[in-house]
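Chemist: Dropping the structure in here first, questions after.
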Amino acid sequence: MNAIRQKKTIALSRRRLYSVIAVVAFIALAFIADRFFDAFTLRVFNLCAIYIVLALSLNLLNGFTGLFSLGHAGFMAVGAYVSALLTMSAQLKEMNYFLVPIVPWLHHVSIPFLPALIVAGLASALVGFLIGAPVLRLRDDYLAIATLGFGEIIRVLITNAQAITNGAQGLKGLPRFSTTFAVWAVAGLVILFMVLLMRSSYGRAMKAVRDDELAAEAMGINVFRVKVTSFTVSSFLAGVGGALLGHMITTIDPKMFTFTLTFNILLIVVLGGIGSISGSVISAVVVTVLMEALRFLDEPMNLVVFKTQGMPGLRMVVFSILLMVMIIYRQRGLMGNAEFSWDTLQGLFVKKGRKGGDHV
Amino acid sequence: MSERNSDLMLSTVHLTMRFGGLTAVSDFNLEIHKNEIVGLIGPNGAGKTTAFNVITGMYRPSEGKVFFMGRDITGLKPHSITALGVARTFQNIRLFREMTVLENVLVACHMSIDTGLFGATLHLPGYRAREAEARRFSMELLEQVGLAHLAYEKGTSLPYGQQRRLEIVRALATRPKILLLDEPAAGMNPQESFELMDFIRRIRDEFDLTIFLIEHHMQVVMGVCERMYVLDYGVTIAHGDPASIQKNPKVIEAYLGVD
């Protein structure tokens, strides 16, 4: 009995050790990336972090609470605009608002990035709460349609609130705050938050709502409150992700936050596995890298046999095919709803090793 | 009469539920006292489950009131009714698909663990203590019904009979005062059904419960119920002890039909 327990403790401490090594290795990688990667590669590397945040935010809703929401781009827009308006200097704002001057109460606001990021998240969460309270009485497809509508409404409001958001001109020259460390620190925090949340009683309640709303309600879970909470938290994370994106690209305009953006994040979530944190993380990295790596498909190609003219958007066909293959052969995504653990990884290698041995 | 009323657990007064032109339950008057096992029987479509759904707050009744321990619970949300001490199971088993046996039971403890989103996420000491207590309590429950060795299996992978049992344990984890069982013996052979009835009697004694159960096989519940109500097309056609119900011509008519 004691021996078993000891063995377990050793296994546990070994897993901890692996995790610590992995985190340290990753921080080292981030350092190297920041110092030695060229600007383009570094940008893709950092974009991965932002997409991790966004994918986890959507997975919290779609995967863990079972709420099919399509309004994510709207919440990202709120976050991006709030953070931009809070951090831009008065001078910069004057340069941007040449058609209609900015409202006076925003003119001289200029606060540091971290509080701006938090306020951006909170503003987005507030919008999420206000939309969620009525919309979450709907279910399934109806919820998807309603959230899609609200996402578009947010975008239209931003386009038309000229004196606040500078309308369709968008905002240019946002401070470049999304450094390698900033984005990966946020991504790390969000991953940690999600893991802890899903291991807690509240996470269990969310999964219960996803699995069977009626039974969850009968078990004393306030289903509506759990849904609104999940929606609000997800909006918060989407707002933070949107703000990071804004400060990376340094230019935002309403057209950036159309349904296509929501779709890209949904693609990551579905490919990675609905209801898997590690799935979303892996898939966010893979999809972000592929999005850039496959750019050559959009350009004219010389395939010896025939030549293609540049076909912008051809790379998206790859994702469509990938998605179809996934839907046919692996409906639940890369990870299903399983999570990465050192044991499964070890199991993978051990099994492979044994197979190899059999052949010999 | 007054001392009888003092231990009244659950009662309904003129309870009526209409869906458009259909009256699923009409003028249902129920009285269940502490530690009783009361049956609700009737042919398929008699409105038994609807009566359950109205009592547990899934539907708001068209007319009438529901009282639990002297308190009017008509129109309360299901989760508030559960919090007061009314737990239920479902006719078609509704376990949480992706969860283990233990997690299924833990979900039912959420009420007692809930320290808010941030307390739970940050695993603050208050939350940790409650979570540990809930785990201990859940394992204890599973041990009592002989499911402890399956705690880490997926709930939906268990054999049918054990899934039914798990659903009952899950309901018990909400620490109810009264347990409503919707056709707990559905899909079981006679032998399994009788074992289940023994089990129900046992949990009544061990957990100091009051039990209200639906069944449409009359024979199964004859042995376990002290009193029963018979519904047919939403109307209460008989009410009394099993012996008198068995002889009641109206009940025989409802079950067998009369030429």
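Residue numbering restarts at 1 for every chain of the structure tokens, chains are lettered A, B, ... in their displayed order, and ligands are numbered from 1 as they appear.
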Do me a favour and pick out the residues of chain A within 8 Å of chain B, using only C-alpha atoms, as a PyMOL selection string.

Modeler: chain A and resi 193+196-202+204-205+208+211-212+215-222

Chemist: I need the residues in segment 30-250 of chain B that are strand (DSSP E or B) according to DSSP; give them as a ChimeraX atom specification.

Modeler: /B:30-33,37-41,63-68,71-72,86-88,100,154,178-182,210-215,227-232,235-240

Chemist: Write out as a VMD selection string all residues of segment 68-245 of chain B that DSSP puts in alpha helix (DSSP H) for this structure's backbone.

Modeler: chain B and resid 78 to 84 101 to 108 110 to 113 117 to 121 125 to 144 160 to 172 190 to 206 218 to 222 242 to 245

Chemist: When you look at Phe177 of chain A with a cut-off of 12 Å (counting only C-alpha atoms), what residues show up, excluding the ones that are within fewer than 6 positions of it in the same chain? I need them as a ChimeraX atom specification.

Modeler: /A:46,83-84,87-88,112-114,116-117,183,243-250

Chemist: For segment 90-163 of chain B versus segment 176-194 of chain B, which residues have an atom no more than 9 Å away, and what is each residue's nearest atom pair and distance in Å rounded to one decimal, using only C-alpha atoms, chain-then-number order, as JSON lines?

Modeler:
```
{"residue": "B:Phe90", "atom": "CA", "partner": "B:Asp182", "partner_atom": "CA", "distance": 5.3}
{"residue": "B:Gln91", "atom": "CA", "partner": "B:Asp182", "partner_atom": "CA", "distance": 4.9}
{"residue": "B:Asn92", "atom": "CA", "partner": "B:Ala186", "partner_atom": "CA", "distance": 8.6}
{"residue": "B:Tyr160", "atom": "CA", "partner": "B:Gly187", "partner_atom": "CA", "distance": 8.5}
{"residue": "B:Gly161", "atom": "CA", "partner": "B:Met188", "partner_atom": "CA", "distance": 7.4}
```

Chemist: Let me see the file: selected residues, C-alpha atoms, as a PDB file, in the first residue's frame.

Modeler:
```
ATOM      1  CA  PHE B  90     -35.792  11.143 -14.861  1.00  0.00           C
ATOM      2  CA  GLN B  91     -37.736   8.568 -16.786  1.00  0.00           C
ATOM      3  CA  ASN B  92     -35.148   8.452 -19.565  1.00  0.00           C
ATOM      4  CA  TYR B 160     -28.403   0.043 -17.429  1.00  0.00           C
ATOM      5  CA  GLY B 161     -29.371  -0.956 -13.902  1.00  0.00           C
TER       6      GLY B 161
END
```

Chemist: To one decimal place, how far is atom CA of Ile277 of chain A from atom CA of Ile191 of chain A in Å?

Modeler: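 Between atom CA of Ile277 of chain A and atom CA of Ile191 of chain A the gap works out to 7.5 Å.
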